[in-house]
$ cat entry.cif   # mmCIF, C-alpha atoms and all ligand atoms
data_query
loop_
_atom_site.label_atom_id
_atom_site.label_comp_id
_atom_site.auth_asym_id
_atom_site.auth_seq_id
_atom_site.Cartn_x
_atom_site.Cartn_y
_atom_site.Cartn_z
CA MET A 1 0.00 0.00 0.00
CA ILE A 2 1.31 3.44 -0.95
CA LEU A 3 -0.57 5.82 1.32
CA GLY A 4 -0.05 9.55 1.74
CA ALA A 5 -1.41 13.05 1.72
CA HIS A 6 -1.44 16.41 0.02
CA VAL A 7 0.98 18.51 2.08
CA SER A 8 2.01 22.16 2.19
CA VAL A 9 5.19 23.51 0.61
CA SER A 10 5.16 26.66 2.70
CA GLY A 11 8.69 27.72 3.59
CA GLY A 12 10.10 25.78 0.63
CA LEU A 13 9.52 22.56 -1.32
CA HIS A 14 11.71 20.56 1.07
CA ASN A 15 9.26 21.22 3.90
CA ALA A 16 6.72 19.03 2.10
CA ILE A 17 9.04 16.06 2.50
CA LYS A 18 9.40 16.85 6.19
CA SER A 19 5.62 17.02 6.65
CA GLY A 20 5.18 13.77 4.71
CA ASP A 21 7.77 12.04 6.89
CA GLU A 22 6.09 13.24 10.07
CA LEU A 23 2.82 11.72 8.83
CA HIS A 24 4.59 8.45 7.84
CA CYS A 25 3.53 8.94 4.23
CA ASP A 26 4.68 6.59 1.47
CA ALA A 27 3.69 9.24 -1.08
CA ILE A 28 2.84 12.94 -1.01
CA GLN A 29 1.18 15.44 -3.32
CA ILE A 30 2.30 19.08 -3.55
CA PHE A 31 1.69 22.31 -5.43
CA LEU A 32 4.82 23.51 -7.22
CA ARG A 33 3.52 27.10 -7.14
CA ASN A 34 0.79 29.15 -5.48
CA PRO A 35 -2.43 27.54 -6.82
CA ASN A 36 -4.28 30.87 -6.92
CA GLN A 37 -1.72 32.93 -8.87
CA TRP A 38 -0.60 32.86 -12.49
CA LYS A 39 2.87 34.17 -11.81
CA ALA A 40 5.41 32.18 -9.85
CA LYS A 41 9.01 32.71 -8.91
CA PRO A 42 11.00 29.61 -9.82
CA PRO A 43 12.60 27.97 -6.79
CA THR A 44 16.23 28.89 -6.17
CA ALA A 45 19.04 26.41 -6.74
CA ALA A 46 19.43 26.17 -2.95
CA ILE A 47 15.78 25.13 -2.53
CA LEU A 48 16.05 22.54 -5.33
CA GLU A 49 19.10 21.13 -3.60
CA LYS A 50 17.39 21.02 -0.21
CA PHE A 51 14.40 19.26 -1.76
CA SER A 52 16.42 16.57 -3.44
CA THR A 53 18.52 15.97 -0.32
CA ALA A 54 15.42 15.74 1.88
CA TRP A 55 13.71 13.37 -0.57
CA THR A 56 16.78 11.12 -0.89
CA GLU A 57 16.94 10.78 2.89
CA SER A 58 13.20 10.07 3.16
CA PRO A 59 11.34 6.79 2.66
CA ILE A 60 8.73 8.65 0.57
CA ALA A 61 8.46 6.76 -2.71
CA GLU A 62 6.38 9.15 -4.82
CA VAL A 63 5.93 12.93 -5.00
CA ILE A 64 2.98 13.92 -7.16
CA VAL A 65 2.36 17.45 -8.43
CA HIS A 66 -1.12 19.02 -8.50
CA ASP A 67 -1.85 21.71 -11.10
CA ILE A 68 -2.92 25.19 -9.93
CA HIS A 69 -6.61 26.09 -9.48
CA LEU A 70 -6.62 28.86 -12.12
CA SER A 71 -5.60 26.53 -14.92
CA ASN A 72 -8.12 25.95 -17.73
CA LEU A 73 -6.49 24.12 -20.62
CA ALA A 74 -9.91 23.85 -22.31
CA SER A 75 -10.77 27.55 -22.09
CA PRO A 76 -12.44 29.28 -25.07
CA LYS A 77 -10.84 32.56 -23.88
CA PRO A 78 -7.53 32.93 -25.76
CA GLU A 79 -5.78 34.83 -22.96
CA VAL A 80 -6.67 32.28 -20.27
CA LEU A 81 -5.82 29.41 -22.59
CA GLU A 82 -2.40 30.87 -23.32
CA LYS A 83 -1.64 31.55 -19.65
CA SER A 84 -2.82 28.06 -18.70
CA ARG A 85 -0.58 26.45 -21.29
CA ALA A 86 2.44 28.59 -20.38
CA GLN A 87 2.20 27.90 -16.66
CA PHE A 88 1.57 24.19 -17.23
CA ARG A 89 4.66 23.99 -19.39
CA GLU A 90 6.72 25.65 -16.63
CA GLN A 91 5.36 23.13 -14.14
CA MET A 92 6.19 20.19 -16.41
CA GLU A 93 9.74 21.45 -16.83
CA LEU A 94 10.19 22.01 -13.10
CA ALA A 95 8.77 18.54 -12.39
CA HIS A 96 11.33 17.16 -14.85
CA VAL A 97 14.17 18.98 -13.06
CA LEU A 98 12.97 17.66 -9.70
CA GLY A 99 12.57 14.10 -11.00
CA LEU A 100 8.78 14.04 -10.49
CA ARG A 101 6.82 11.98 -13.00
CA TYR A 102 3.16 12.85 -12.43
CA ILE A 103 1.20 16.12 -12.70
CA VAL A 104 -2.46 15.82 -11.75
CA THR A 105 -4.83 18.23 -13.46
CA HIS A 106 -8.57 18.73 -13.72
CA LEU A 107 -9.99 18.82 -17.24
CA GLY A 108 -10.97 22.49 -17.22
CA ALA A 109 -14.31 24.05 -18.15
CA HIS A 110 -15.86 24.67 -21.57
CA LEU A 111 -17.70 27.79 -20.30
CA GLY A 112 -20.73 27.26 -22.51
CA GLU A 113 -18.99 26.24 -25.73
CA GLY A 114 -20.02 22.64 -25.33
CA GLU A 115 -18.27 19.50 -24.14
CA THR A 116 -17.11 18.25 -27.54
CA ILE A 117 -15.24 21.45 -28.37
CA GLY A 118 -13.86 21.74 -24.83
CA LEU A 119 -12.48 18.20 -24.82
CA LYS A 120 -10.86 18.70 -28.22
CA ARG A 121 -9.22 21.96 -27.13
CA LEU A 122 -7.95 20.27 -24.00
CA SER A 123 -6.45 17.41 -25.98
CA ASP A 124 -4.81 19.94 -28.33
CA SER A 125 -3.36 21.79 -25.32
CA PHE A 126 -1.67 18.60 -24.14
CA ASP A 127 -0.36 17.75 -27.62
CA GLY A 128 1.34 21.17 -27.71
CA LEU A 129 2.72 20.72 -24.22
CA PHE A 130 4.11 17.26 -24.93
CA GLU A 131 5.74 18.63 -28.08
CA ASN A 132 7.25 21.77 -26.55
CA ALA A 133 8.00 21.14 -22.89
CA GLU A 134 11.42 19.81 -22.01
CA ALA A 135 9.95 17.12 -19.82
CA PRO A 136 10.01 13.86 -21.78
CA ASP A 137 9.20 11.58 -18.84
CA VAL A 138 6.50 13.67 -17.14
CA MET A 139 3.02 12.18 -17.40
CA VAL A 140 -0.26 14.04 -17.07
CA LEU A 141 -2.80 12.43 -14.76
CA LEU A 142 -6.30 13.55 -15.72
CA GLU A 143 -8.41 13.82 -12.58
CA THR A 144 -12.04 12.72 -12.48
CA THR A 145 -14.18 15.73 -11.51
CA ALA A 146 -17.53 16.31 -9.79
CA GLY A 147 -19.01 18.15 -12.78
CA GLN A 148 -19.69 21.54 -11.21
CA GLY A 149 -20.81 24.20 -13.69
CA THR A 150 -19.35 23.58 -17.13
CA ASN A 151 -16.41 21.56 -15.80
CA LEU A 152 -15.36 18.65 -17.96
CA GLY A 153 -14.24 15.27 -16.67
CA TYR A 154 -17.27 14.10 -14.70
CA ARG A 155 -17.84 11.13 -17.02
CA PHE A 156 -15.15 8.50 -17.54
CA GLU A 157 -15.82 8.92 -21.28
CA HIS A 158 -14.47 12.50 -21.14
CA LEU A 159 -11.09 11.25 -19.96
CA ARG A 160 -11.16 8.44 -22.52
CA ASP A 161 -11.84 10.96 -25.31
CA VAL A 162 -9.06 13.39 -24.32
CA ILE A 163 -6.57 10.51 -24.30
CA GLY A 164 -8.08 9.02 -27.47
CA MET A 165 -7.78 12.28 -29.45
CA SER A 166 -4.17 12.85 -28.39
CA LYS A 167 -1.16 12.14 -30.54
CA TYR A 168 0.60 11.08 -27.33
CA PRO A 169 -1.75 8.72 -25.48
CA HIS A 170 1.16 7.10 -23.61
CA ARG A 171 1.78 10.39 -21.77
CA PHE A 172 -1.55 10.13 -19.90
CA GLY A 173 -2.73 8.43 -16.76
CA VAL A 174 -5.75 9.02 -14.55
CA CYS A 175 -6.20 10.19 -10.97
CA PHE A 176 -9.42 8.81 -9.44
CA ASP A 177 -10.91 11.16 -6.82
CA THR A 178 -13.48 9.27 -4.74
CA CYS A 179 -15.40 12.42 -3.71
CA HIS A 180 -15.62 13.74 -7.26
CA VAL A 181 -16.61 10.41 -8.82
CA PHE A 182 -19.33 9.92 -6.20
CA ALA A 183 -20.72 13.45 -6.57
CA ALA A 184 -20.70 12.96 -10.35
CA GLY A 185 -22.99 9.94 -10.02
CA TYR A 186 -20.84 6.82 -9.72
CA ASP A 187 -21.92 5.16 -6.50
CA MET A 188 -19.34 3.75 -4.09
CA ARG A 189 -21.34 3.23 -0.89
CA THR A 190 -21.29 -0.58 -0.93
CA GLU A 191 -18.81 -3.17 -2.10
CA ALA A 192 -21.15 -3.99 -5.00
CA ASP A 193 -21.29 -0.28 -5.96
CA CYS A 194 -17.48 -0.16 -5.96
CA GLU A 195 -17.29 -3.27 -8.17
CA THR A 196 -19.70 -1.66 -10.64
CA THR A 197 -17.90 1.69 -10.66
CA PHE A 198 -14.46 0.16 -11.22
CA ASP A 199 -15.90 -2.10 -13.95
CA GLN A 200 -17.24 1.03 -15.66
CA PHE A 201 -13.85 2.69 -15.26
CA ASP A 202 -12.12 -0.36 -16.70
CA HIS A 203 -14.45 -0.52 -19.70
CA GLY A 204 -14.32 3.23 -20.33
CA ILE A 205 -10.66 4.03 -19.70
CA GLY A 206 -8.83 0.89 -18.57
CA LEU A 207 -7.54 0.21 -15.07
CA ASP A 208 -3.98 0.22 -16.44
CA ARG A 209 -4.36 4.03 -16.76
CA LEU A 210 -5.18 4.45 -13.08
CA LYS A 211 -1.97 5.88 -11.60
CA ALA A 212 -3.20 7.63 -8.44
CA PHE A 213 -6.18 8.00 -6.13
CA HIS A 214 -7.44 10.97 -4.20
CA LEU A 215 -9.13 9.44 -1.17
CA ASN A 216 -11.70 11.95 0.07
CA ASP A 217 -15.07 11.35 1.65
CA ALA A 218 -17.84 13.67 0.41
CA LYS A 219 -19.64 16.42 2.26
CA SER A 220 -21.80 16.71 -0.84
CA ALA A 221 -24.50 14.21 -1.79
CA TYR A 222 -24.50 11.46 -4.39
CA GLN A 223 -25.14 12.91 -7.89
CA SER A 224 -24.95 16.46 -6.48
CA CYS A 225 -22.09 17.47 -8.83
CA VAL A 226 -20.78 19.47 -5.88
CA ASP A 227 -17.10 19.16 -4.95
CA ARG A 228 -16.79 19.28 -1.15
CA HIS A 229 -14.41 16.96 0.64
CA GLU A 230 -15.06 15.39 4.05
CA HIS A 231 -13.01 13.42 6.58
CA ILE A 232 -12.66 9.71 5.81
CA GLY A 233 -15.69 7.76 7.01
CA GLU A 234 -17.63 10.87 8.04
CA GLY A 235 -19.20 11.80 4.74
CA ALA A 236 -21.87 10.62 2.32
CA ILE A 237 -19.62 7.90 0.85
CA GLY A 238 -18.67 6.17 4.10
CA ALA A 239 -15.86 3.83 5.11
CA ALA A 240 -16.79 0.82 2.94
CA ALA A 241 -15.50 2.44 -0.27
CA PHE A 242 -12.12 3.17 1.31
CA ALA A 243 -11.86 -0.35 2.76
CA PHE A 244 -12.61 -1.69 -0.74
CA ILE A 245 -9.81 0.33 -2.38
CA LEU A 246 -7.26 -0.28 0.39
CA ASN A 247 -7.76 -4.05 0.27
CA ASP A 248 -7.97 -4.50 -3.49
CA ALA A 249 -4.76 -6.10 -4.79
CA ARG A 250 -5.17 -4.23 -8.11
CA PHE A 251 -4.39 -0.97 -6.26
CA ALA A 252 -1.55 -2.23 -4.07
CA GLU A 253 1.03 -0.22 -6.05
CA THR A 254 -1.13 2.84 -6.71
CA PRO A 255 -0.45 6.01 -4.67
CA LEU A 256 -3.43 6.86 -2.43
CA ILE A 257 -3.47 10.54 -1.47
CA ILE A 258 -5.84 12.23 0.97
CA GLU A 259 -7.03 15.79 0.30
CA THR A 260 -9.34 15.91 3.28
CA PRO A 261 -10.15 19.15 5.17
CA GLN A 262 -7.97 20.80 7.84
CA MET A 263 -4.76 19.24 6.62
CA LYS A 264 -2.61 20.76 9.35
CA THR A 265 -4.58 19.24 12.21
CA MET A 266 -6.55 16.34 10.70
CA HIS A 267 -4.25 14.53 8.24
CA LYS A 268 -2.87 12.33 11.01
CA THR A 269 -6.37 11.23 12.04
CA ASN A 270 -7.54 10.59 8.48
CA LEU A 271 -4.45 8.53 7.66
CA GLU A 272 -4.93 6.52 10.87
CA THR A 273 -8.56 5.89 9.92
CA LEU A 274 -7.44 4.58 6.53
CA ARG A 275 -4.71 2.38 8.02
CA GLY A 276 -7.36 0.94 10.33
CA LEU A 277 -9.39 -0.18 7.33
CA VAL A 278 -6.62 -2.40 5.98
CA ALA A 279 -7.54 -6.04 6.61
CA PHE A 280 -5.00 -8.11 8.51
CA ASP A 281 -4.56 -10.60 5.67
CA THR A 282 -3.68 -7.74 3.30
CA LEU A 283 -1.05 -6.49 5.74
CA SER A 284 0.53 -9.91 6.07
CA GLY A 285 0.52 -10.39 2.32
CA GLY A 286 -1.85 -13.38 2.32
CA ASP A 287 -5.21 -13.75 0.62
ZN ZN B 301 -8.68 15.56 -5.96
ZN ZN B 302 -12.19 18.14 -4.98
#
$ encode --input "entry.cif" --output "C-alpha cells" --more "lines below"
Ligand SMILES: [Zn+2]
Ligand SMILES: [Zn+2]
Amino acid sequence: MILGAHVSVSGGLHNAIKSGDELHCDAIQIFLRNPNQWKAKPPTAAILEKFSTAWTESPIAEVIVHDIHLSNLASPKPEVLEKSRAQFREQMELAHVLGLRYIVTHLGAHLGEGETIGLKRLSDSFDGLFENAEAPDVMVLLETTAGQGTNLGYRFEHLRDVIGMSKYPHRFGVCFDTCHVFAAGYDMRTEADCETTFDQFDHGIGLDRLKAFHLNDAKSAYQSCVDRHEHIGEGAIGAAAFAFILNDARFAETPLIIETPQMKTMHKTNLETLRGLVAFDTLSGGD
C-alpha cells in the first residue's frame, strides 16, 4: 500500500518532504507554485538542492504534483488558454528537473462552448505541451471531476476521449478522486457499488491508466455534482469504499493521497482511519 497526503510547501519545497515524513507517508502530493496565482518565482538552486537531499533521505516513494486552481487548458478565452498552457509547461519542466513523474490536473471548463469542443481543445493543449516542454518523462494524470458548472471530466468517457484524441496517449494516466466520482454519479457506498464503478472505469478508460487516487469522503450528496471533501468515514460515501480500495490487490502499487479538510490538524487522524481499514490478511501479504 502506498498511502499519503497532500501537504504544504510553505517555507520551501523541502518542507513538504518533512511534513510527509512526520505523517509516515509513502507518497505525497504538492503544489509547485501558489495555486491561486498565475505568476510564480521559480525555486532557487538552494531550494532545489534542499528538496532533493530531503527526498533522498526520506522513505517517501512518490511525489505527485497538482496543477494550480486557475488553470483551464480547455478555455475558449484565448488569454486564459495561453496563460494556462504557459504555466503548465513551466510546471512540467520544473517537475522534470525535480525528478517528479506525475502532474495531476482537472480537465478544465468549456464555459458554454459545449463539451465536444472543450475536450478537443484540452487534448490539443496537451499535444502542444508534450511537443514543446522539455519534460520527456513527465506524465499528465487527468483527474475525475464532480461536474460543477461547465467543468469537464465528470464522465469517464471524457477522460477516454481526451486521451483518445491525443497524438501522445502514452503520456496520460488518470487520478481517481473518490469524492468527485461519487458526486458525479458513480456510486461507491457498498462493495457492489465499488465493483460496478471500477468495472465502468475499466471498460471506459482501462484500469492500467489508473496511476493515483485521491481518497476523500464527500460532504456533498451522491449525484450532487458538488465538490466538497469530508473526513474519511464521516461523509456521504462512508468507510466501505475506502476499505474496498485499500484491500484491493489491483491498487496495491497505486499512490493513495488524501485531500481531506484541515490538513494541518486532521491529516494524522484521516491517515490513521485509513490504516485501520486495511484487513490483517492484506497487511501480512496473504489472501
Ligand atoms: Zn482531488
Ligand atoms: Zn475536490
$ residues_near_ligand --input "entry.cif" --ligand "ligand ZN 301 (chain B)" --cutoff "9 Å" --atoms "all atoms listed in the file" --output "JSON, numbers by chain"
{"A": [66, 104, 105, 106, 143, 144, 145, 175, 176, 177, 178, 179, 180, 213, 214, 215, 216, 229, 257, 258, 259]}
$ axis_aligned_box --input "entry.cif" --around "segment 207-218 of chain A" --padding-each-side "3 Å" --output "JSON"
{"center_x": -9.9, "center_y": 6.9, "center_z": -7.6, "size_x": 21.9, "size_y": 19.5, "size_z": 24.4}
$ residues_near_point --input "entry.cif" --point "(-10.0, 11.7, -18.5)" --cutoff "10 Å" --atoms "all atoms listed in the file" --output "PyMOL selection string"
chain A and resi 105-107+119+141-145+152-164+172-176+204-205+209
$ closest_residue --input "entry.cif" --among "A:Ala54, A:Ala61, A:Ile232, A:Leu70" --to "Glu272 of chain A" --atoms "only C-alpha atoms"
A:Ile232
$ residues_around --input "entry.cif" --residues "Lys39 of chain A" --least-positions-apart "2" --cutoff "8 Å" --atoms "only C-alpha atoms" --output "PDB file with C-alpha atoms, keeping the file's coordinate frame"
ATOM      1  CA  GLN A  37      -1.720  32.930  -8.870  1.00  0.00           C
ATOM      2  CA  LYS A  41       9.010  32.710  -8.910  1.00  0.00           C
ATOM      3  CA  GLN A  87       2.200  27.900 -16.660  1.00  0.00           C
TER       4      GLN A  87
END
$ closest_residue --input "entry.cif" --among "A:Met1, A:Ile237, A:Leu207, A:Met263" --to "Ala221 of chain A" --atoms "only C-alpha atoms"
A:Ile237
$ residues_around --input "entry.cif" --residues "His6 of chain A" --least-positions-apart "2" --cutoff "12 Å" --atoms "only C-alpha atoms" --output "PyMOL selection string"
chain A and resi 3-4+8-9+16-17+19-20+23+25-32+62-66+104+213-216+255-264+266-268+270-271
$ residues_near_point --input "entry.cif" --point "(-22.9, 14.8, 2.9)" --cutoff "8 Å" --atoms "only C-alpha atoms" --output "list of chain:residue names"
A:Ala218, A:Lys219, A:Ser220, A:Ala221, A:Glu230, A:Gly235, A:Ala236, A:Ile237
$ closest_residue --input "entry.cif" --among "A:His110, A:His203, A:Arg171, A:His69" --to "ligand ZN 302 (chain B)" --atoms "only C-alpha atoms and all ligand atoms"
A:His69
$ closest_residue --input "entry.cif" --among "A:Ala5, A:Thr116, A:Phe251, A:Leu98" --to "His24 of chain A" --atoms "all atoms listed in the file"
A:Ala5
$ residues_around --input "entry.cif" --residues "Gln223 of chain A" --least-positions-apart "4" --cutoff "8 Å" --atoms "only C-alpha atoms" --output "PyMOL selection string"
chain A and resi 182-186
$ closest_residue --input "entry.cif" --among "A:Leu13, A:Leu210, A:Cys194, A:Leu100" --to "Arg250 of chain A" --atoms "only C-alpha atoms"
A:Leu210
$ decode --input "entry.cif" --residues "segment 64-168 of chain A" --atoms "C-alpha atoms" --output "mmCIF file, in the first residue's frame"
data_model
loop_
_atom_site.group_PDB
_atom_site.id
_atom_site.type_symbol
_atom_site.label_atom_id
_atom_site.label_comp_id
_atom_site.auth_asym_id
_atom_site.auth_seq_id
_atom_site.Cartn_x
_atom_site.Cartn_y
_atom_site.Cartn_z
ATOM 1 C CA ILE A 64 2.981 13.918 -7.156
ATOM 2 C CA VAL A 65 2.361 17.455 -8.431
ATOM 3 C CA HIS A 66 -1.122 19.018 -8.502
ATOM 4 C CA ASP A 67 -1.848 21.709 -11.096
ATOM 5 C CA ILE A 68 -2.920 25.192 -9.927
ATOM 6 C CA HIS A 69 -6.611 26.089 -9.478
ATOM 7 C CA LEU A 70 -6.624 28.859 -12.120
ATOM 8 C CA SER A 71 -5.600 26.530 -14.917
ATOM 9 C CA ASN A 72 -8.120 25.949 -17.734
ATOM 10 C CA LEU A 73 -6.491 24.116 -20.617
ATOM 11 C CA ALA A 74 -9.915 23.853 -22.309
ATOM 12 C CA SER A 75 -10.773 27.548 -22.093
ATOM 13 C CA PRO A 76 -12.444 29.280 -25.067
ATOM 14 C CA LYS A 77 -10.840 32.563 -23.879
ATOM 15 C CA PRO A 78 -7.528 32.931 -25.758
ATOM 16 C CA GLU A 79 -5.782 34.830 -22.965
ATOM 17 C CA VAL A 80 -6.674 32.283 -20.275
ATOM 18 C CA LEU A 81 -5.816 29.406 -22.587
ATOM 19 C CA GLU A 82 -2.405 30.868 -23.323
ATOM 20 C CA LYS A 83 -1.643 31.550 -19.647
ATOM 21 C CA SER A 84 -2.823 28.062 -18.701
ATOM 22 C CA ARG A 85 -0.584 26.446 -21.289
ATOM 23 C CA ALA A 86 2.438 28.587 -20.385
ATOM 24 C CA GLN A 87 2.198 27.904 -16.662
ATOM 25 C CA PHE A 88 1.573 24.188 -17.234
ATOM 26 C CA ARG A 89 4.662 23.989 -19.392
ATOM 27 C CA GLU A 90 6.717 25.648 -16.628
ATOM 28 C CA GLN A 91 5.365 23.129 -14.137
ATOM 29 C CA MET A 92 6.191 20.192 -16.411
ATOM 30 C CA GLU A 93 9.740 21.453 -16.829
ATOM 31 C CA LEU A 94 10.188 22.015 -13.099
ATOM 32 C CA ALA A 95 8.772 18.544 -12.393
ATOM 33 C CA HIS A 96 11.332 17.160 -14.849
ATOM 34 C CA VAL A 97 14.170 18.979 -13.062
ATOM 35 C CA LEU A 98 12.967 17.660 -9.698
ATOM 36 C CA GLY A 99 12.568 14.097 -10.995
ATOM 37 C CA LEU A 100 8.779 14.038 -10.490
ATOM 38 C CA ARG A 101 6.821 11.980 -13.000
ATOM 39 C CA TYR A 102 3.156 12.853 -12.432
ATOM 40 C CA ILE A 103 1.195 16.121 -12.700
ATOM 41 C CA VAL A 104 -2.460 15.819 -11.746
ATOM 42 C CA THR A 105 -4.827 18.234 -13.459
ATOM 43 C CA HIS A 106 -8.568 18.731 -13.717
ATOM 44 C CA LEU A 107 -9.985 18.824 -17.236
ATOM 45 C CA GLY A 108 -10.975 22.486 -17.218
ATOM 46 C CA ALA A 109 -14.310 24.053 -18.149
ATOM 47 C CA HIS A 110 -15.860 24.666 -21.569
ATOM 48 C CA LEU A 111 -17.702 27.793 -20.302
ATOM 49 C CA GLY A 112 -20.726 27.261 -22.512
ATOM 50 C CA GLU A 113 -18.995 26.244 -25.727
ATOM 51 C CA GLY A 114 -20.024 22.636 -25.325
ATOM 52 C CA GLU A 115 -18.267 19.500 -24.140
ATOM 53 C CA THR A 116 -17.107 18.248 -27.537
ATOM 54 C CA ILE A 117 -15.244 21.454 -28.368
ATOM 55 C CA GLY A 118 -13.861 21.745 -24.828
ATOM 56 C CA LEU A 119 -12.481 18.200 -24.818
ATOM 57 C CA LYS A 120 -10.865 18.698 -28.220
ATOM 58 C CA ARG A 121 -9.222 21.964 -27.128
ATOM 59 C CA LEU A 122 -7.949 20.269 -23.996
ATOM 60 C CA SER A 123 -6.449 17.411 -25.976
ATOM 61 C CA ASP A 124 -4.808 19.941 -28.335
ATOM 62 C CA SER A 125 -3.362 21.787 -25.318
ATOM 63 C CA PHE A 126 -1.672 18.604 -24.144
ATOM 64 C CA ASP A 127 -0.360 17.754 -27.622
ATOM 65 C CA GLY A 128 1.337 21.165 -27.715
ATOM 66 C CA LEU A 129 2.717 20.725 -24.217
ATOM 67 C CA PHE A 130 4.107 17.261 -24.935
ATOM 68 C CA GLU A 131 5.742 18.632 -28.081
ATOM 69 C CA ASN A 132 7.251 21.766 -26.552
ATOM 70 C CA ALA A 133 8.001 21.144 -22.891
ATOM 71 C CA GLU A 134 11.418 19.811 -22.013
ATOM 72 C CA ALA A 135 9.946 17.121 -19.815
ATOM 73 C CA PRO A 136 10.006 13.859 -21.778
ATOM 74 C CA ASP A 137 9.198 11.582 -18.835
ATOM 75 C CA VAL A 138 6.503 13.674 -17.142
ATOM 76 C CA MET A 139 3.020 12.182 -17.397
ATOM 77 C CA VAL A 140 -0.264 14.041 -17.068
ATOM 78 C CA LEU A 141 -2.804 12.429 -14.759
ATOM 79 C CA LEU A 142 -6.302 13.553 -15.724
ATOM 80 C CA GLU A 143 -8.409 13.817 -12.583
ATOM 81 C CA THR A 144 -12.039 12.721 -12.478
ATOM 82 C CA THR A 145 -14.184 15.726 -11.512
ATOM 83 C CA ALA A 146 -17.525 16.311 -9.791
ATOM 84 C CA GLY A 147 -19.007 18.151 -12.784
ATOM 85 C CA GLN A 148 -19.691 21.535 -11.214
ATOM 86 C CA GLY A 149 -20.813 24.203 -13.691
ATOM 87 C CA THR A 150 -19.350 23.580 -17.131
ATOM 88 C CA ASN A 151 -16.413 21.559 -15.802
ATOM 89 C CA LEU A 152 -15.357 18.646 -17.961
ATOM 90 C CA GLY A 153 -14.236 15.272 -16.667
ATOM 91 C CA TYR A 154 -17.271 14.100 -14.699
ATOM 92 C CA ARG A 155 -17.841 11.133 -17.016
ATOM 93 C CA PHE A 156 -15.148 8.501 -17.538
ATOM 94 C CA GLU A 157 -15.820 8.921 -21.284
ATOM 95 C CA HIS A 158 -14.474 12.497 -21.137
ATOM 96 C CA LEU A 159 -11.085 11.252 -19.960
ATOM 97 C CA ARG A 160 -11.158 8.442 -22.515
ATOM 98 C CA ASP A 161 -11.843 10.961 -25.308
ATOM 99 C CA VAL A 162 -9.063 13.390 -24.322
ATOM 100 C CA ILE A 163 -6.574 10.515 -24.304
ATOM 101 C CA GLY A 164 -8.076 9.023 -27.471
ATOM 102 C CA MET A 165 -7.778 12.280 -29.452
ATOM 103 C CA SER A 166 -4.170 12.847 -28.393
ATOM 104 C CA LYS A 167 -1.157 12.141 -30.543
ATOM 105 C CA TYR A 168 0.604 11.080 -27.334
#
